[in-house]
Amino acid sequence: MKSLKFLSIVFTLLFAFTFTSFAQQEMTEEEWQNEMNRLKTKKESLAKEVSVLQTDVNDLKSNLSSLQSYEDCIKEAYQLVGATNADVDNFRNAVNELEGKIRRKEGPKADRQKDLDALKKNPISALPEFFNKVHVGMQKMLDEWVDAPTDISYTVVKGDHLWGIARKKEHYGNGFAWPKIYNANRDQIKNPDLIYPKQVFKVPPLTTEEKEKYDRLRRNYKPAPTQ
């Protein structure tokens with residue numbers, strides 16, 4: 001009903017506009033009839049468009065009425081994985097707790113991987129709320145988790161010196177890095193030229209900046225010419 005009323009208003013305005021435009025010039029009866037026919041055709045075209053739009057609106061209303069409510073959808077999803085609201089709440093808490101541990105790198109890393117694998121095996125992880133986080137996001141965080149290297153212990157043997165210890169492949173592979181060992185063991189080393197068998201030294205890892213520094217020293221080193 002509203003559509004027909006709207007169509008009548010549109011047609012009236014269109015007719016008034018046309019009449020005003022053509023009233024300013026003389027028209028023959030044939031020209032007038034042609035214009036009326038054109039307006040009639042336009043009216044019929046608009047009526048068809050309104051009918052199609054009204055059909056679309058009715059279809060949308062019908063589809064909307066058949067859709068489940070959000071609460072019903074959630075309830076059905078929980079039933080599919082055999083979980084209650086309490087189960088999902090507990091799983092959500094477990095996910096958040098483990099995510100926090102991974103972010104803080106509370107190791108050992110292997111244990112956090114076991115915890116995540118257990119969450120992945122839980123059918124609740126298939127719910128849209130959890131799937132991407134548990135199966136993709138948290139696993140990516142674990143894969144990017146790199147444990148900081150630990151200090152190596154080295155027992156001094158006869159003939160050792162700090163340069164040689166630093167140059168060992170299992171340590172730095174660069175004798176110029178000997179000050180790192182010296183500074184880490186100042187409680188035992190009074191003179192870097194004097195170390196003794198059976199002393200146990202810490203060989204800490206080099207930072208990226210330190211490695212670049214000592215590599216640069218090695219590249220730029222030019223031994224004194226022999227005579």
# chains A, B, ... in the order shown; residues from 1 in each chain; ligands from 1
>>> residues_around(residues="Asp115 (chain A)", least_positions_apart="4", cutoff="12 Å", atoms="only C-alpha atoms", output="PyMOL selection string")
chain A and resi 94-95+97-99+101-102+107-111+119-122+134+138-139+142
>>> residues_around(residues="Lys158 (chain A)", least_positions_apart="5", cutoff="9 Å", atoms="only C-alpha atoms", output="list of chain:residue names")
A:Tyr196, A:Pro197, A:Lys198
>>> closest_residue(among="A:Val203, A:Val88, A:Val146, A:Leu116", to="Tyr172 (chain A)", atoms="only C-alpha atoms")
A:Val203
>>> closest_residue(among="A:His171, A:Met141, A:Ile124, A:Val50", to="Asn85 (chain A)", atoms="only C-alpha atoms")
A:Ile124
>>> closest_residue(among="A:Asn132, A:Gln113, A:Ser125, A:Ser51", to="Ala77 (chain A)", atoms="only C-alpha atoms")
A:Ser125
>>> select_by_dssp(residues="region 2-223 of chain A", states="strand (DSSP E)", output="PyMOL selection string")
chain A and resi 152-155+200-203
>>> atom_distance(atom1="CA of Ala184 (chain A)", atom2="CA of Lys169 (chain A)")
18.8 Å
>>> atom_distance(atom1="CA of Glu26 (chain A)", atom2="CA of Ser45 (chain A)")
28.1 Å
>>> atom_distance(atom1="CA of Tyr182 (chain A)", atom2="CA of Ala166 (chain A)")
9.9 Å
>>> select_by_dssp(residues="region 9-192 of chain A", states="alpha helix (DSSP H)", output="PyMOL selection string")
chain A and resi 9-23+29-66+70-80+85-103+109-121+128-132+138-143+162-167+178-184
>>> residues_around(residues="Phe176 (chain A)", least_positions_apart="5", cutoff="9 Å", atoms="only C-alpha atoms", output="JSON, numbers by chain")
{"A": [163, 166, 167, 214, 215, 217, 218]}
>>> closest_residue(among="A:Ile74, A:Met36, A:Ala118, A:Met27", to="Phe91 (chain A)", atoms="only C-alpha atoms")
A:Ala118
>>> residues_around(residues="Asp151 (chain A)", least_positions_apart="2", cutoff="7 Å", atoms="only C-alpha atoms", output="MDAnalysis selection string")
chainID A and resid 149 153 202:205
>>> closest_residue(among="A:Arg216, A:Asn96, A:Leu127, A:Leu80", to="Asn174 (chain A)", atoms="only C-alpha atoms")
A:Arg216
